[in-house]
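The block underneath contains the structure these notes are about, expressed in structure tokens.
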Amino acid sequence: DPASGSGHILVEAYELLKAIYLERGYRQRDVARLILEKNLFGLDIDERAAQLTGFALMMKGRADDRRLFERGVKLNVMALVDSTGFDAEVLANGVKLADYGLKPGDLTELKRLFENATTFGSLIQVPEGLAKKLPSLKQLSEATSQDLFVSEALKRLAPLAQQAELLAARYDAVVANPPYMGSGYQTVTLKTYLRDNYKGYEKDVFSAFIDRDLAFSKPKARLGFMSPFVWMFISSHEHLRARLIDRETITSLVQLEYSGFEGATVPICTFTLQ
């Protein structure tokens, strides 16, 4: 889930994956760690939301494995961080980058990529050239240094490398309730980014997210969305409409009535793609 919020979709996915594992004959106490470390991935721009997601998933796992907290489980859920505090120059001068197959430009590119990570979130796409350097960047982030400033740079590199890895990956299933924000409510920075990187999808953030989520998916992957249903009708979403009809396979589409969710009167639809 590339905009996981407090983790409702991932928690539901846990139950589905658990049923699959058990059907395949896995022991229930082994299932939790497998799902949490190998099957579920979530990103958000809000640190508190990511913490809630992590807590919810760990509690789901704890119900199936009472010793889960002792196993050092590493979740693939995180809040994206900006790169403003990362000093690429200090690191380039304090470490032999050639030993890791890296150049100073790789660190600079990583820093530039995530300058507005908490604004753009999962809409950020990792360039192919940089994606190839991610194993080396991860290895570098695990290095140690006696130099205080280099040590701080390495510490700040670690989350940047991790989020780049999650953003560069391709997934078998992508499920999302993407954020909604029309162009009238977008900041200048966000509006410019959407115009430059998501031409035709820039009228609303949810539209750009649908395009991005398709890029997240492997060939023959399954995708599921809950979004405003306006993309089916209005002219500003004609590009998205054509994309979904001409290039993708819509496997289900449900247009809910305005009061489809108790306490919320919103124009919502759910749909799945293959």
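Chains: A, B, ... in order of the structure tokens. Residues: from 1 per chain. Ligands: from 1, in order shown.
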
Env of A:Arg212: 7 Å cut, atoms = only C-alpha atoms, seq-sep filter 4 positions within chain, self excluded. Answer as a list in words.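 Here the qualifying residues turn out to be Leu123, Ala208 and Phe216 of chain A.
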
Write a file of the selected residues as an mmCIF file, in the first residue's frame, keeping all heavy atoms.
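Now in again_23.cif:
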```
data_model
loop_
_atom_site.group_PDB
_atom_site.id
_atom_site.type_symbol
_atom_site.label_atom_id
_atom_site.label_comp_id
_atom_site.auth_asym_id
_atom_site.auth_seq_id
_atom_site.Cartn_x
_atom_site.Cartn_y
_atom_site.Cartn_z
ATOM 1 N N LEU A 123 4.695 9.038 -4.939
ATOM 2 C CA LEU A 123 4.705 9.493 -6.329
ATOM 3 C C LEU A 123 6.127 9.577 -6.878
ATOM 4 O O LEU A 123 6.329 9.616 -8.089
ATOM 5 C CB LEU A 123 4.027 10.865 -6.444
ATOM 6 C CG LEU A 123 2.518 10.902 -6.189
ATOM 7 C CD1 LEU A 123 2.016 12.343 -6.183
ATOM 8 C CD2 LEU A 123 1.765 10.091 -7.236
ATOM 9 N N ALA A 208 -2.917 10.738 -10.240
ATOM 10 C CA ALA A 208 -1.481 10.490 -10.375
ATOM 11 C C ALA A 208 -1.078 9.229 -9.627
ATOM 12 O O ALA A 208 -0.230 8.455 -10.089
ATOM 13 C CB ALA A 208 -0.692 11.696 -9.856
ATOM 14 N N PHE A 216 4.157 0.564 -10.064
ATOM 15 C CA PHE A 216 4.613 -0.270 -8.948
ATOM 16 C C PHE A 216 4.408 -1.761 -9.219
ATOM 17 O O PHE A 216 5.046 -2.608 -8.595
ATOM 18 C CB PHE A 216 3.814 0.055 -7.677
ATOM 19 C CG PHE A 216 4.464 1.059 -6.766
ATOM 20 C CD1 PHE A 216 3.769 2.169 -6.339
ATOM 21 C CD2 PHE A 216 5.762 0.868 -6.307
ATOM 22 C CE1 PHE A 216 4.346 3.085 -5.477
ATOM 23 C CE2 PHE A 216 6.355 1.778 -5.439
ATOM 24 C CZ PHE A 216 5.641 2.893 -5.022
#
```

Nearby residues (only C-alpha atoms) at most 7 Å from A:Leu273, same-chain spacing under 3 positions excluded, as a ChimeraX atom specification: /A:222-224,248-251

Residues from last step as file, N, CA and C atoms, as a PDB file, in the first residue's frame:
```
ATOM      1  N   ARG A 222      -2.096  -7.793  -9.764  1.00  0.00           N
ATOM      2  CA  ARG A 222      -3.466  -7.383  -9.457  1.00  0.00           C
ATOM      3  C   ARG A 222      -3.418  -6.072  -8.688  1.00  0.00           C
ATOM      4  N   LEU A 223      -4.341  -5.172  -8.992  1.00  0.00           N
ATOM      5  CA  LEU A 223      -4.410  -3.883  -8.300  1.00  0.00           C
ATOM      6  C   LEU A 223      -5.829  -3.626  -7.836  1.00  0.00           C
ATOM      7  N   GLY A 224      -5.972  -3.003  -6.691  1.00  0.00           N
ATOM      8  CA  GLY A 224      -7.282  -2.648  -6.165  1.00  0.00           C
ATOM      9  C   GLY A 224      -7.277  -1.220  -5.643  1.00  0.00           C
ATOM     10  N   GLU A 248      -5.398  -1.297 -19.766  1.00  0.00           N
ATOM     11  CA  GLU A 248      -5.495  -2.187 -18.613  1.00  0.00           C
ATOM     12  C   GLU A 248      -6.767  -3.028 -18.731  1.00  0.00           C
ATOM     13  N   THR A 249      -6.903  -3.989 -17.823  1.00  0.00           N
ATOM     14  CA  THR A 249      -8.104  -4.812 -17.770  1.00  0.00           C
ATOM     15  C   THR A 249      -8.830  -4.537 -16.456  1.00  0.00           C
ATOM     16  N   ILE A 250     -10.015  -3.954 -16.547  1.00  0.00           N
ATOM     17  CA  ILE A 250     -10.819  -3.702 -15.351  1.00  0.00           C
ATOM     18  C   ILE A 250     -11.578  -4.987 -15.033  1.00  0.00           C
ATOM     19  N   THR A 251     -11.284  -5.581 -13.880  1.00  0.00           N
ATOM     20  CA  THR A 251     -11.890  -6.866 -13.516  1.00  0.00           C
ATOM     21  C   THR A 251     -13.112  -6.699 -12.619  1.00  0.00           C
TER      22      THR A 251
END
```

Under the rule of at most 8 Å, produce a per-residue listing of stretch 154-213 of chain A near stretch 231-238 of chain A: chain, number, name, the closest pair of atoms, and the distance in Å, as a tab-separated table, using only C-alpha atoms.
```
residue	atom	partner	partner_atom	distance
A:Gly200	CA	A:His237	CA	7.7
A:Tyr201	CA	A:His237	CA	7.1
A:Lys203	CA	A:Ser236	CA	6.6
A:Ser207	CA	A:His237	CA	7.7
```

Can you tell me, as a list in words, what residues are no more than 8 Å from A:Ala176 when counting only C-alpha atoms, ignoring any on the same chain fewer than 5 positions away?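 Listing them by chain and then by number gives Asp1, Pro2, Ala3, Ser4, Ile9, Gly224, Phe225 and Met226 of chain A.
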
Quick one: write out the picked residues with N, CA and C atoms as a tab-separated table (two decimals), in the first residue's frame?
```tsv
chain	number	residue	atom	x	y	z
A	1	ASP	N	0.85	-1.18	0.00
A	1	ASP	CA	0.00	0.00	0.00
A	1	ASP	C	0.89	1.24	0.00
A	2	PRO	N	0.90	2.00	-1.10
A	2	PRO	CA	1.81	3.12	-1.22
A	2	PRO	C	1.37	4.38	-0.47
A	3	ALA	N	0.17	4.36	0.09
A	3	ALA	CA	-0.31	5.47	0.94
A	3	ALA	C	-1.09	4.83	2.07
A	4	SER	N	-0.37	4.16	2.97
A	4	SER	CA	-0.97	3.18	3.86
A	4	SER	C	-1.77	3.77	5.02
A	9	ILE	N	-5.78	-1.39	5.15
A	9	ILE	CA	-5.68	-2.32	4.02
A	9	ILE	C	-4.66	-3.42	4.31
A	224	GLY	N	-5.97	-3.00	-6.69
A	224	GLY	CA	-7.28	-2.65	-6.17
A	224	GLY	C	-7.28	-1.22	-5.64
A	225	PHE	N	-8.35	-0.48	-5.93
A	225	PHE	CA	-8.41	0.93	-5.53
A	225	PHE	C	-9.77	1.28	-4.95
A	226	MET	N	-9.75	2.23	-4.04
A	226	MET	CA	-10.95	2.95	-3.65
A	226	MET	C	-10.65	4.42	-3.91
```

Determine, counting only C-alpha atoms, which protein, DNA and RNA residues have an atom within 7 Å of an atom of A:Leu253; residues of the same chain fewer than 6 positions away are not included. Present the result as a short mmCIF file (atom, residue, chain, number, x, y, z; two decimals) with N, CA and C atoms, in the first residue's frame.
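That gives us result-v8.cif:
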```
data_model
loop_
_atom_site.label_atom_id
_atom_site.label_comp_id
_atom_site.auth_asym_id
_atom_site.auth_seq_id
_atom_site.Cartn_x
_atom_site.Cartn_y
_atom_site.Cartn_z
N THR A 270 -15.04 1.60 -6.04
CA THR A 270 -13.93 0.65 -5.86
C THR A 270 -13.76 -0.10 -7.18
N PHE A 271 -12.53 -0.39 -7.53
CA PHE A 271 -12.30 -1.13 -8.77
C PHE A 271 -10.99 -1.90 -8.67
N THR A 272 -10.92 -2.97 -9.45
CA THR A 272 -9.71 -3.79 -9.49
C THR A 272 -9.23 -3.90 -10.94
#
```

Residue among A:Thr144, A:Asn93, A:Gln28, A:Gln125 lying closest to A:Asn197, counting only C-alpha atoms: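 Using only C-alpha atoms, A:Asn197 sits closest to A:Gln125.
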
Excluding stretch 150-160 of chain A and its own-chain neighbours fewer than 6 positions away, which residues fall within 7 Å of it when counting only C-alpha atoms? Please give them as a VMD selection string. chain A and resid 86 to 87 90 to 91 94 138 141 144

Prev. selection, N, CA and C atoms, output as a CSV table (one decimal), in the first residue's frame:
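part_27.csv, freshly written:
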```csv
chain,number,residue,atom,x,y,z
A,86,PHE,N,20.7,15.3,5.1
A,86,PHE,CA,21.7,14.3,4.6
A,86,PHE,C,22.8,15.1,3.9
A,87,ASP,N,24.1,15.0,4.4
A,87,ASP,CA,25.2,15.8,3.9
A,87,ASP,C,26.0,14.8,3.0
A,90,VAL,N,29.9,15.5,2.8
A,90,VAL,CA,30.7,15.0,4.0
A,90,VAL,C,30.9,13.5,3.8
A,91,LEU,N,29.9,12.8,3.4
A,91,LEU,CA,30.1,11.4,3.2
A,91,LEU,C,31.0,11.0,2.1
A,94,GLY,N,34.5,11.6,3.3
A,94,GLY,CA,34.9,10.8,4.5
A,94,GLY,C,34.9,9.3,4.2
A,138,LYS,N,22.8,0.6,0.1
A,138,LYS,CA,22.4,0.0,1.4
A,138,LYS,C,23.6,-0.6,2.1
A,141,SER,N,25.3,2.3,3.8
A,141,SER,CA,24.6,2.8,5.0
A,141,SER,C,24.8,1.9,6.2
A,144,THR,N,30.4,1.9,9.3
A,144,THR,CA,30.6,2.6,10.6
A,144,THR,C,31.8,3.6,10.4
```

All residues 10 Å or closer to A:Ala168, only C-alpha atoms, same chain fewer than 5 positions away omitted, as a list in words: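 After dropping sequence-adjacent residues, the list is Ile124, Gln125, Val126, Pro127, Glu128, Leu130, Ala131, Lys132, Leu134, Gln162, Gln163, Ala215 and Phe216 of chain A.
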
Work out how far apart atom CA of A:Asp213 and atom CA of A:Glu262 are and give it in Å to one decimal. 27.6 Å

Which polymer residues have any atom within 10 Å of an atom of A:Leu17, counting only C-alpha atoms, with same-chain residues fewer than 2 positions away left out, as a PyMOL selection string? chain A and resi 12-15+19-23+31-32+34-35+39-40

Go ahead and save the residues from that selection, with N, CA and C atoms, as a short mmCIF file (atom, residue, chain, number, x, y, z; two decimals), in the first residue's frame.
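Now in selection-v7.cif:
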```cif
data_model
loop_
_atom_site.label_atom_id
_atom_site.label_comp_id
_atom_site.auth_asym_id
_atom_site.auth_seq_id
_atom_site.Cartn_x
_atom_site.Cartn_y
_atom_site.Cartn_z
N GLU A 12 -6.05 -6.00 6.72
CA GLU A 12 -6.96 -6.93 6.02
C GLU A 12 -6.17 -7.91 5.17
N ALA A 13 -5.11 -7.42 4.54
CA ALA A 13 -4.27 -8.29 3.71
C ALA A 13 -3.59 -9.36 4.56
N TYR A 14 -3.24 -9.01 5.79
CA TYR A 14 -2.63 -9.99 6.70
C TYR A 14 -3.55 -11.19 6.87
N GLU A 15 -4.83 -10.93 7.10
CA GLU A 15 -5.79 -12.02 7.31
C GLU A 15 -5.91 -12.90 6.07
N ALA A 19 -4.66 -16.92 5.77
CA ALA A 19 -5.51 -18.02 5.31
C ALA A 19 -4.81 -18.82 4.21
N ILE A 20 -4.09 -18.13 3.34
CA ILE A 20 -3.37 -18.81 2.25
C ILE A 20 -2.25 -19.69 2.82
N TYR A 21 -1.48 -19.14 3.76
CA TYR A 21 -0.40 -19.90 4.37
C TYR A 21 -0.92 -21.14 5.09
N LEU A 22 -1.99 -20.97 5.86
CA LEU A 22 -2.54 -22.09 6.61
C LEU A 22 -3.09 -23.17 5.67
N GLU A 23 -3.69 -22.72 4.59
CA GLU A 23 -4.20 -23.68 3.60
C GLU A 23 -3.06 -24.49 2.99
N VAL A 31 3.65 -18.30 10.57
CA VAL A 31 3.03 -17.48 9.53
C VAL A 31 3.25 -15.99 9.74
N ALA A 32 3.16 -15.55 11.00
CA ALA A 32 3.21 -14.11 11.28
C ALA A 32 4.49 -13.47 10.74
N LEU A 34 6.61 -14.57 8.51
CA LEU A 34 6.70 -14.67 7.06
C LEU A 34 5.90 -13.55 6.39
N ILE A 35 4.68 -13.34 6.85
CA ILE A 35 3.84 -12.30 6.25
C ILE A 35 4.42 -10.91 6.47
N ASN A 39 5.77 -10.27 2.82
CA ASN A 39 4.57 -10.09 1.99
C ASN A 39 3.91 -8.72 2.07
N LEU A 40 4.12 -7.98 3.14
CA LEU A 40 3.41 -6.71 3.32
C LEU A 40 4.38 -5.53 3.29
#
```

How would you write, as a ChimeraX atom specification, the set of residues in stretch 26-227 of chain A that DSSP gives as helix (DSSP H, G or I)? /A:28-38,47-64,68-70,88-94,97-100,104-113,117-123,128-132,134-141,148-168,183-185,188-197,205-216

Let's have the selection written as a tab-separated table (two decimals), in the first residue's frame, with C-alpha atoms.
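Everything below was put into result.tsv:
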```
chain	number	residue	atom	x	y	z
A	28	GLN	CA	0.30	-20.79	12.53
A	29	ARG	CA	3.16	-19.57	14.72
A	30	ASP	CA	5.47	-19.42	11.66
A	31	VAL	CA	3.03	-17.48	9.53
A	32	ALA	CA	3.21	-14.11	11.28
A	33	ARG	CA	6.90	-13.46	10.66
A	34	LEU	CA	6.70	-14.67	7.06
A	35	ILE	CA	3.84	-12.30	6.25
A	36	LEU	CA	5.28	-9.30	8.05
A	37	GLU	CA	8.76	-9.60	6.58
A	38	LYS	CA	8.09	-11.00	3.12
A	47	GLU	CA	5.34	9.25	10.69
A	48	ARG	CA	2.50	8.78	13.17
A	49	ALA	CA	0.43	6.95	10.59
A	50	ALA	CA	3.33	4.61	9.79
A	51	GLN	CA	3.78	3.94	13.51
A	52	LEU	CA	0.10	3.06	13.83
A	53	THR	CA	0.39	0.72	10.86
A	54	GLY	CA	3.40	-0.98	12.38
A	55	PHE	CA	1.65	-1.33	15.75
A	56	ALA	CA	-1.52	-2.76	14.17
A	57	LEU	CA	0.45	-5.32	12.14
A	58	MET	CA	2.60	-6.38	15.06
A	59	MET	CA	-0.47	-6.90	17.21
A	60	LYS	CA	-2.05	-9.02	14.46
A	61	GLY	CA	1.12	-11.07	14.33
A	62	ARG	CA	1.36	-11.31	18.12
A	63	ALA	CA	-2.06	-12.94	18.19
A	64	ASP	CA	-0.66	-15.79	16.05
A	68	LEU	CA	6.83	-12.53	17.96
A	69	PHE	CA	8.21	-9.53	19.88
A	70	GLU	CA	11.32	-11.57	20.70
A	88	ALA	CA	26.28	13.98	0.71
A	89	GLU	CA	29.49	15.99	0.47
A	90	VAL	CA	30.69	15.02	3.96
A	91	LEU	CA	30.05	11.37	3.22
A	92	ALA	CA	31.77	11.55	-0.18
A	93	ASN	CA	34.86	13.09	1.43
A	94	GLY	CA	34.90	10.78	4.45
A	97	LEU	CA	33.04	5.41	-2.31
A	98	ALA	CA	34.94	3.45	-4.95
A	99	ASP	CA	35.15	0.56	-2.47
A	100	TYR	CA	31.36	0.33	-2.72
A	104	PRO	CA	29.78	11.24	-5.36
A	105	GLY	CA	27.11	11.85	-8.00
A	106	ASP	CA	25.14	8.84	-6.75
A	107	LEU	CA	24.83	10.40	-3.29
A	108	THR	CA	23.92	13.76	-4.80
A	109	GLU	CA	21.23	12.17	-6.97
A	110	LEU	CA	19.76	10.35	-3.97
A	111	LYS	CA	19.67	13.56	-1.96
A	112	ARG	CA	18.03	15.48	-4.80
A	113	LEU	CA	15.44	12.72	-5.33
A	117	ALA	CA	9.76	13.22	0.00
A	118	THR	CA	7.23	14.21	2.67
A	119	THR	CA	5.30	16.18	0.04
A	120	PHE	CA	5.48	13.86	-2.97
A	121	GLY	CA	5.42	10.56	-1.07
A	122	SER	CA	5.13	7.42	-3.17
A	123	LEU	CA	4.71	9.49	-6.33
A	128	GLU	CA	16.75	3.15	-13.32
A	129	GLY	CA	20.42	4.09	-13.00
A	130	LEU	CA	20.07	4.91	-9.32
A	131	ALA	CA	17.99	1.79	-8.70
A	132	LYS	CA	20.96	-0.32	-9.83
A	134	LEU	CA	20.70	0.65	-4.30
A	135	PRO	CA	22.45	-2.55	-3.08
A	136	SER	CA	25.69	-0.58	-2.88
A	137	LEU	CA	23.99	2.34	-1.12
A	138	LYS	CA	22.44	-0.05	1.38
A	139	GLN	CA	25.83	-1.62	2.03
A	140	LEU	CA	27.35	1.82	2.53
A	141	SER	CA	24.58	2.80	4.97
A	148	LEU	CA	31.24	12.16	14.09
A	149	PHE	CA	30.06	13.96	10.95
A	150	VAL	CA	30.53	10.96	8.67
A	151	SER	CA	28.73	8.77	11.19
A	152	GLU	CA	25.78	11.19	11.18
A	153	ALA	CA	25.70	11.18	7.37
A	154	LEU	CA	25.66	7.37	7.34
A	155	LYS	CA	22.82	7.38	9.86
A	156	ARG	CA	20.78	9.68	7.63
A	157	LEU	CA	21.62	7.67	4.52
A	158	ALA	CA	20.02	4.49	5.90
A	159	PRO	CA	16.32	5.53	5.68
A	160	LEU	CA	16.90	7.16	2.28
A	161	ALA	CA	18.32	3.91	0.92
A	162	GLN	CA	15.47	1.91	2.47
A	163	GLN	CA	12.71	4.06	1.04
A	164	ALA	CA	14.41	4.12	-2.35
A	165	GLU	CA	14.44	0.31	-2.27
A	166	LEU	CA	10.71	0.16	-1.50
A	167	LEU	CA	9.92	2.73	-4.19
A	168	ALA	CA	12.01	0.97	-6.83
A	183	SER	CA	-5.35	21.15	-8.27
A	184	GLY	CA	-6.99	24.04	-6.43
A	185	TYR	CA	-5.68	22.73	-3.11
A	188	VAL	CA	2.95	25.22	-6.00
A	189	THR	CA	5.68	22.63	-5.42
A	190	LEU	CA	3.29	19.70	-5.72
A	191	LYS	CA	1.44	21.18	-8.69
A	192	THR	CA	4.71	21.69	-10.56
A	193	TYR	CA	5.87	18.15	-9.78
A	194	LEU	CA	2.62	16.63	-11.03
A	195	ARG	CA	2.68	18.70	-14.19
A	196	ASP	CA	6.28	17.67	-14.92
A	197	ASN	CA	5.99	13.98	-14.01
A	205	VAL	CA	-3.46	13.56	-6.67
A	206	PHE	CA	-5.51	10.33	-6.69
A	207	SER	CA	-5.27	10.19	-10.48
A	208	ALA	CA	-1.48	10.49	-10.37
A	209	PHE	CA	-1.39	7.79	-7.70
A	210	ILE	CA	-3.31	5.38	-9.90
A	211	ASP	CA	-0.74	5.87	-12.65
A	212	ARG	CA	2.10	5.47	-10.14
A	213	ASP	CA	0.58	2.33	-8.66
A	214	LEU	CA	0.44	0.76	-12.10
A	215	ALA	CA	4.19	1.43	-12.35
A	216	PHE	CA	4.61	-0.27	-8.95
```

Quick one: pick out all strand (DSSP E or B) residues within stretch 43-130 of chain A from a backbone DSSP run and write them as a list in words.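 Here is the list: Leu43, Asp44, Val77, Met78 and Ala79 of chain A.
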
Which of these, A:Leu16, A:Pro228, A:Lys218, A:Arg67, has the shortest distance to A:Ala173 once you count only C-alpha atoms? A:Lys218

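Considering only C-alpha atoms, the residue among A:Val175, A:Lys103, A:Tyr26, A:Ile245 positioned nearest to A:Leu10 is A:Val175.
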
From A:Asn116, A:Ser83, A:Gln146, A:Asn76, residue lying nearest A:Val95 [only C-alpha atoms]: A:Gln146
